[in-house]
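Peer 1: Next up, coords_10.txt (compact mmCIF, C-alpha atoms).
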```
# COMPACT_ATOMS: atom_id res chain seq x y z
CA MET A 143 56.91 -81.96 83.42
CA SER A 144 57.66 -78.42 84.57
CA ASP A 145 58.26 -77.93 88.31
CA LYS A 146 56.83 -74.42 88.11
CA PRO A 147 54.21 -73.88 90.85
CA ARG A 148 50.70 -74.27 89.46
CA PRO A 149 47.55 -72.40 90.48
CA GLY A 150 45.48 -74.26 93.07
CA LYS A 151 48.46 -76.38 94.12
CA ASP A 152 50.46 -76.42 97.33
CA LYS A 153 52.58 -73.26 97.09
CA ASP A 154 49.78 -71.19 95.58
CA LEU A 155 47.29 -72.19 98.26
CA ARG A 156 49.86 -71.75 101.02
CA PHE A 157 50.49 -68.15 100.05
CA ILE A 158 46.79 -67.38 99.64
CA LYS A 159 46.19 -68.79 103.12
CA SER A 160 49.03 -66.67 104.42
CA ALA A 161 47.41 -63.59 102.83
CA ILE A 162 44.11 -64.56 104.47
CA GLU A 163 45.83 -64.81 107.85
CA ASP A 164 47.31 -61.35 107.29
CA ALA A 165 43.85 -60.00 106.38
CA ASP A 166 42.54 -61.55 109.61
CA GLU A 167 45.29 -59.90 111.61
CA VAL A 168 44.71 -56.49 110.01
CA TYR A 169 40.99 -56.76 110.75
CA ARG A 170 41.74 -57.71 114.34
CA LEU A 171 44.05 -54.72 114.75
CA PHE A 172 41.47 -52.36 113.25
CA ALA A 173 38.64 -53.80 115.31
CA SER A 174 40.38 -54.07 118.67
CA GLU A 175 43.30 -51.63 118.78
CA LEU A 176 42.33 -48.70 116.55
CA ILE A 177 38.58 -48.67 117.12
CA ASN A 178 39.01 -46.60 120.29
CA GLU A 179 40.41 -43.59 118.42
CA GLN A 180 37.96 -40.73 118.88
CA SER A 181 38.87 -38.27 116.17
CA PRO A 182 36.19 -38.12 113.43
CA GLY A 183 38.77 -38.09 110.62
CA VAL A 184 40.42 -41.24 111.97
CA ILE A 185 37.10 -43.05 112.42
CA GLU A 186 36.31 -42.43 108.74
CA LEU A 187 39.67 -43.90 107.70
CA ILE A 188 39.26 -46.89 110.03
CA SER A 189 35.75 -47.62 108.73
CA GLU A 190 36.92 -47.54 105.12
CA GLY A 191 39.92 -49.69 106.03
CA MET A 192 37.71 -52.30 107.71
CA LEU A 193 35.37 -52.43 104.72
CA LEU A 194 38.36 -52.90 102.42
CA ILE A 195 39.81 -55.70 104.50
CA ILE A 196 36.44 -57.50 104.65
CA GLU A 197 36.22 -57.24 100.88
CA GLN A 198 39.77 -58.51 100.56
CA TYR A 199 39.04 -61.43 102.87
CA ASP A 200 36.07 -62.39 100.70
CA GLU A 201 38.13 -62.17 97.50
CA LEU A 202 40.94 -64.29 98.96
CA ASN A 203 38.49 -66.98 100.04
CA GLN A 204 37.06 -67.04 96.52
CA MET A 205 40.59 -67.45 95.20
CA LEU A 206 40.96 -70.64 97.24
CA ASP A 207 37.97 -72.14 95.42
CA ASP A 208 38.52 -70.67 91.97
CA VAL A 209 42.02 -71.15 90.53
CA ALA A 210 41.22 -68.84 87.62
CA LEU A 211 40.93 -65.83 89.91
CA THR A 212 43.97 -63.57 90.05
CA PRO A 213 44.97 -61.43 93.05
CA THR A 214 44.66 -58.18 91.08
CA ARG A 215 41.79 -56.76 93.10
CA VAL A 216 43.26 -57.96 96.36
CA LEU A 217 46.47 -56.13 95.47
CA ASP A 218 44.38 -53.06 94.69
CA HIS A 219 42.80 -53.29 98.14
CA ASN A 220 46.22 -53.71 99.72
CA ARG A 221 47.40 -50.56 97.94
CA CYS A 222 44.33 -48.60 99.04
CA LEU A 223 44.83 -49.78 102.61
CA ARG A 224 48.43 -48.56 102.52
CA ASP A 225 47.22 -45.17 101.25
CA LEU A 226 44.74 -44.96 104.12
CA LEU A 227 47.46 -45.90 106.62
CA LYS A 228 49.78 -43.23 105.21
CA LEU A 229 47.11 -40.64 106.00
CA MET A 230 46.20 -42.20 109.31
CA ILE A 231 49.71 -41.86 110.71
CA LYS A 232 49.53 -38.12 110.02
CA GLU A 233 46.54 -37.90 112.38
CA ARG A 234 46.98 -37.37 116.10
CA LEU A 235 46.65 -40.99 117.19
CA SER A 236 46.99 -42.15 120.77
CA PRO A 237 50.28 -43.96 121.58
CA LEU A 238 48.46 -47.32 121.36
CA GLY A 239 46.90 -46.27 118.09
CA ARG A 240 50.33 -45.42 116.64
CA VAL A 241 51.66 -48.84 117.60
CA ALA A 242 48.60 -50.50 116.07
CA ALA A 243 49.05 -48.48 112.85
CA ALA A 244 52.70 -49.57 112.65
CA SER A 245 51.65 -53.21 113.17
CA ILE A 246 49.05 -52.94 110.42
CA ILE A 247 51.65 -51.53 108.04
CA GLN A 248 53.95 -54.44 108.84
CA VAL A 249 51.19 -57.02 108.26
CA LEU A 250 50.17 -55.34 105.01
CA GLY A 251 53.79 -55.58 103.87
CA ASN A 252 53.80 -59.32 104.62
CA GLN A 253 50.52 -59.73 102.81
CA LEU A 254 51.86 -57.87 99.79
CA ARG A 255 54.77 -60.31 99.64
CA SER A 256 52.39 -63.30 99.69
CA LEU A 257 50.18 -61.71 97.06
CA MET A 258 53.15 -61.07 94.77
CA VAL A 259 54.01 -64.78 94.91
CA THR A 260 50.39 -65.69 94.13
CA LYS A 261 50.37 -63.18 91.32
CA GLU A 262 53.50 -64.75 89.91
CA ILE A 263 51.93 -68.23 90.06
CA ARG A 264 48.55 -67.24 88.67
CA GLY A 265 50.17 -64.75 86.32
CA THR A 266 48.35 -61.68 85.16
CA GLU A 267 49.13 -58.36 83.62
CA GLU A 268 49.06 -55.30 85.84
CA LEU A 269 45.49 -54.07 85.97
CA CYS A 270 45.59 -51.88 89.03
CA VAL A 271 44.47 -48.30 88.70
CA THR A 272 46.68 -45.73 90.34
CA MET B 84 64.16 19.62 156.35
CA SER B 85 64.99 19.35 152.65
CA SER B 86 66.72 16.04 153.38
CA SER B 87 63.58 14.52 154.87
CA LYS B 88 61.54 15.77 151.88
CA ALA B 89 63.97 14.03 149.53
CA ASP B 90 63.68 10.86 151.61
CA ASP B 91 59.88 11.02 151.36
CA GLN B 92 60.15 11.43 147.60
CA THR B 93 62.54 8.50 147.32
CA SER B 94 60.34 6.24 149.41
CA GLY B 95 57.29 7.40 147.40
CA VAL B 96 59.02 6.45 144.16
CA ALA B 97 60.04 3.10 145.66
CA ARG B 98 56.47 2.43 146.74
CA GLY B 99 55.31 3.36 143.22
CA TYR B 100 57.77 0.88 141.74
CA GLU B 101 56.65 -1.80 144.17
CA LEU B 102 53.04 -1.15 143.24
CA GLU B 103 53.85 -1.37 139.53
CA LEU B 104 55.86 -4.54 140.08
CA GLY B 105 52.96 -6.00 142.04
CA LYS B 106 50.57 -5.22 139.16
CA ASP B 107 53.04 -6.74 136.67
CA LEU B 108 53.33 -9.89 138.76
CA LEU B 109 49.54 -10.07 139.04
CA ALA B 110 49.25 -9.88 135.23
CA TYR B 111 51.91 -12.59 134.81
CA ALA B 112 50.16 -14.80 137.38
CA GLY B 113 46.87 -14.32 135.56
CA LEU B 114 48.54 -15.22 132.26
CA PHE B 115 50.11 -18.30 133.82
CA GLY B 116 46.68 -19.41 135.03
CA PHE B 117 45.27 -18.81 131.57
CA GLY B 118 48.17 -20.81 130.06
CA VAL B 119 47.45 -23.79 132.29
CA PHE B 120 43.75 -23.73 131.42
CA TYR B 121 44.41 -23.13 127.70
CA ASN B 122 46.89 -26.00 127.54
CA ARG B 123 44.19 -28.37 128.84
CA LEU B 124 41.66 -27.00 126.41
CA VAL B 125 44.02 -27.45 123.43
CA ALA B 126 44.91 -30.98 124.56
CA HIS B 127 41.19 -31.81 124.74
CA VAL B 128 40.50 -30.31 121.30
CA ASN B 129 43.45 -32.20 119.77
CA GLN B 130 42.33 -35.48 121.29
CA LYS B 131 38.72 -35.05 120.25
CA HIS B 132 39.22 -33.65 116.77
CA GLY B 133 42.69 -34.92 115.69
CA GLN B 134 43.82 -33.02 112.60
CA HIS B 135 41.43 -30.07 113.03
CA GLY B 136 43.28 -27.37 111.10
CA TYR B 137 42.82 -24.75 113.80
CA THR B 138 46.30 -24.95 115.34
CA SER B 139 47.40 -21.54 114.06
CA LEU B 140 44.12 -19.96 115.22
CA LEU B 141 44.61 -21.45 118.69
CA VAL B 142 48.05 -19.82 118.76
CA VAL B 143 46.54 -16.51 117.61
CA PHE B 144 43.99 -16.61 120.41
CA GLY B 145 46.72 -17.31 122.98
CA VAL B 146 48.77 -14.36 121.73
CA PHE B 147 45.66 -12.14 121.68
CA VAL B 148 44.88 -12.91 125.32
CA THR B 149 48.52 -12.25 126.30
CA LEU B 150 48.54 -8.89 124.54
CA ALA B 151 45.15 -7.96 126.00
CA ALA B 152 46.43 -8.70 129.50
CA LEU B 153 49.67 -6.82 128.95
CA SER B 154 47.97 -3.83 127.34
CA THR B 155 46.90 -2.71 130.82
CA ARG B 156 50.59 -2.60 131.75
CA ILE B 157 52.33 -1.27 128.65
CA GLY B 158 49.64 0.96 127.15
CA ALA B 159 47.42 0.75 124.11
CA ILE B 160 49.91 2.25 121.62
CA ASN B 161 52.70 -0.16 122.54
CA THR B 162 50.24 -3.06 122.44
CA LEU B 163 49.11 -2.09 118.96
CA LYS B 164 52.73 -1.91 117.76
CA ILE B 165 53.47 -5.38 119.11
CA ALA B 166 50.18 -6.72 117.71
CA ALA B 167 51.11 -5.33 114.27
CA GLY B 168 54.42 -7.21 114.53
CA PHE B 169 52.59 -10.44 115.39
CA VAL B 170 50.19 -9.93 112.48
CA ALA B 171 53.12 -9.45 110.09
CA SER B 172 54.97 -12.55 111.26
CA GLY B 173 51.91 -14.71 111.93
CA LEU B 174 49.80 -14.13 108.83
CA PRO B 175 52.00 -16.21 106.46
CA MET B 176 52.00 -19.00 109.05
CA ILE B 177 48.20 -18.94 109.36
CA LEU B 178 47.75 -19.01 105.59
CA GLY B 179 50.37 -21.75 105.21
CA ASP B 180 48.87 -23.88 107.96
CA THR B 181 45.37 -23.53 106.54
CA ASN B 182 46.68 -24.43 103.09
CA ARG B 183 48.49 -27.52 104.42
CA TYR B 184 45.35 -28.61 106.25
CA LEU B 185 43.21 -28.23 103.12
CA GLU B 186 45.76 -30.19 101.09
CA TYR B 187 45.71 -32.96 103.70
CA LYS B 188 41.90 -33.07 103.64
CA GLN B 189 42.04 -33.27 99.85
CA GLU B 190 44.45 -36.24 100.11
CA VAL B 191 42.08 -37.94 102.56
CA ALA B 192 39.11 -37.39 100.27
CA VAL B 193 41.03 -38.81 97.28
CA ALA B 194 42.21 -41.86 99.27
CA LEU B 195 38.70 -42.55 100.60
CA ALA B 196 37.21 -42.18 97.12
CA ARG B 197 39.84 -44.54 95.68
CA ALA B 198 39.21 -47.08 98.46
CA SER B 199 35.49 -46.87 97.94
CA LYS B 200 35.96 -47.30 94.17
CA ALA B 201 38.17 -50.35 94.73
CA ARG B 202 35.49 -51.90 96.92
CA ARG B 203 32.69 -51.14 94.49
CA LYS B 204 34.71 -52.59 91.64
CA GLY B 205 34.70 -55.84 93.60
CA ILE B 206 30.96 -55.76 94.20
CA ASN B 207 29.43 -54.30 91.04
CA ASP B 208 31.68 -55.49 88.24
CA VAL B 209 32.52 -58.86 89.73
CA GLY B 210 31.19 -60.92 86.81
CA GLN B 211 32.67 -58.72 84.13
CA THR B 212 36.07 -58.41 85.79
CA GLN B 213 36.35 -62.08 86.60
CA THR B 214 35.57 -62.98 82.99
CA GLY B 215 38.34 -60.65 81.87
CA GLU B 216 40.72 -62.14 84.38
CA ARG B 217 39.84 -65.68 83.32
CA GLN B 218 40.64 -64.78 79.71
CA ARG B 219 44.00 -63.37 80.73
CA PHE B 220 44.60 -66.39 82.94
CA THR B 221 43.89 -68.76 80.03
CA LEU B 222 46.27 -66.81 77.81
CA HIS B 223 48.92 -66.95 80.51
CA GLN B 224 48.48 -70.69 80.95
CA GLU B 225 48.72 -71.19 77.20
CA ARG B 226 51.91 -69.14 77.05
CA ASN B 227 53.50 -71.30 79.74
```
With the file now loaded, output its structure as structure tokens.

Peer 2:
Amino acid sequence: MSDKPRPGKDKDLRFIKSAIEDADEVYRLFASELINEQSPGVIELISEGMLLIIEQYDELNQMLDDVALTPTRVLDHNRCLRDLLKLMIKERLSPLGRVAAASIIQVLGNQLRSLMVTKEIRGTEELCVT
Amino acid sequence: MSSSKADDQTSGVARGYELELGKDLLAYAGLFGFGVFYNRLVAHVNQKHGQHGYTSLLVVFGVFVTLAALSTRIGAINTLKIAAGFVASGLPMILGDTNRYLEYKQEVAVALARASKARRKGINDVGQTQTGERQRFTLHQERN
């Protein structure tokens, strides 16, 4: 029997849970640290980012129940979040906001690593639109 | 007699210089006050509006006020010459800054549209996409 990690088994679930924890952390940072930014442009980016992370959280939870689901869309959301963050750091954020943005980038990087492992286990072709 | 007349003239010139210097200093003091106030205003605008795209215009207004204040001291012709110099050097900067701001706003619009599309893909096409993914998943499992 192959010792390759299987979908829905220990390693797969562990990395999905890790991605969920990262999504939780990103949401927390958006909701508590960045929400005080006043600039209208930043608020728009934060709102879209929060909606994306909620969507991602939902998808990841579905992945725990359904082993046939691949992390393609979650990866898409992660990419979109990174794009939003790239633009957000060009805005005039408060010092606390800049630190929060850097933390979010770090957590998104960790999440990407977990998702890549899950993608490898559940195996799918690249579907993401650029 | 002629010596005292020369002394009067000298002291008159000195008084004139003092008066002019006083007026100059008054103009500089006024400009300093304006600078302090304007700095606060710009800080407030930056905090409230973030990337607003008006940075170059804020600089233009600051230069305009400075020239307007100094025009009373250096004369209208000199002021116009200096203003023409500022227009020549500042116009490319204003156009460039505006262009950069519009490009940035375009990037934001594209990123927001892409994010919104990614979210909608998850909501609207969930059945269709998941079916497609399941097929690919089955193929992958068969391959392994």

Peer 1: Select, as a VMD selection string, those residues of chain B with any atom no more than 6 Å from chain A (distances computed using only C-alpha atoms).

Peer 2: chain B and resid 131 to 134 198 217

Peer 1: Tell me, in Å to one decimal, how far CA of Leu206 (chain A) is from CA of Leu195 (chain B).

Peer 2: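 It comes out at 28.4 Å.
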
Peer 1: Find the distance between CA of Val142 (chain B) and CA of Ile177 (chain B) and write it in Å to one decimal.

Peer 2: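 Pair CA of Val142 (chain B) / CA of Ile177 (chain B) returns 9.4 Å.
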
Peer 1: Could you jot down the CA of Arg202 (chain B) to CA of Met192 (chain A) separation for me, Å, one decimal place?

Peer 2: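 One can read the CA of Arg202 (chain B) to CA of Met192 (chain A) distance as 11.0 Å.
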
Peer 1: Determine, counting all atoms listed in the file, which protein, DNA and RNA residues have an atom within 12 Å of an atom of Asn252 (chain A); residues of the same chain fewer than 3 positions away are not included. Present the result as an MDAnalysis selection string.

Peer 2: chainID A and resid 157:158 160:165 167:168 220 245:249 255:259

Peer 1: Would you list the contacts of region 161-176 of chain B as a list of chain:residue names, taking every protein, DNA or RNA residue within 9 Å and counting only C-alpha atoms, but skipping same-chain residues closer than 3 positions in sequence?

Peer 2: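 Selected residues are B:Ser139, B:Val143, B:Val146, B:Phe147, B:Leu150, B:Ala151, B:Leu153, B:Ser154, B:Ile157, B:Gly158, B:Gly179, B:Asp180, B:Thr181.
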
Peer 1: Selected residues, C-alpha atoms, written as a compact mmCIF listing (two decimals), in the frame of the given file, please.

Peer 2:
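That gives us out12.txt:
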```txt
# COMPACT_ATOMS: atom_id res chain seq x y z
CA SER B 139 47.40 -21.54 114.06
CA VAL B 143 46.54 -16.51 117.61
CA VAL B 146 48.77 -14.36 121.73
CA PHE B 147 45.66 -12.14 121.68
CA LEU B 150 48.54 -8.89 124.54
CA ALA B 151 45.15 -7.96 126.00
CA LEU B 153 49.67 -6.82 128.95
CA SER B 154 47.97 -3.83 127.34
CA ILE B 157 52.33 -1.27 128.65
CA GLY B 158 49.64 0.96 127.15
CA GLY B 179 50.37 -21.75 105.21
CA ASP B 180 48.87 -23.88 107.96
CA THR B 181 45.37 -23.53 106.54
```

Peer 1: Quick one: residues within 10 Å of Lys188 (chain B), all atoms listed in the file, excluding same-chain residues fewer than 3 positions away - as a PyMOL selection string?

Peer 2: (chain A and resi 183+229) or (chain B and resi 134-136+182-185+191-194)

Peer 1: Let me make sure I understand: among B:Tyr121, B:Thr93, B:Lys106, B:Arg156, which one has the smallest atom-to-atom distance to Leu141 (chain B) if we use all atoms listed in the file?

Peer 2: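 Under the stated criterion, the closest residue is B:Tyr121.
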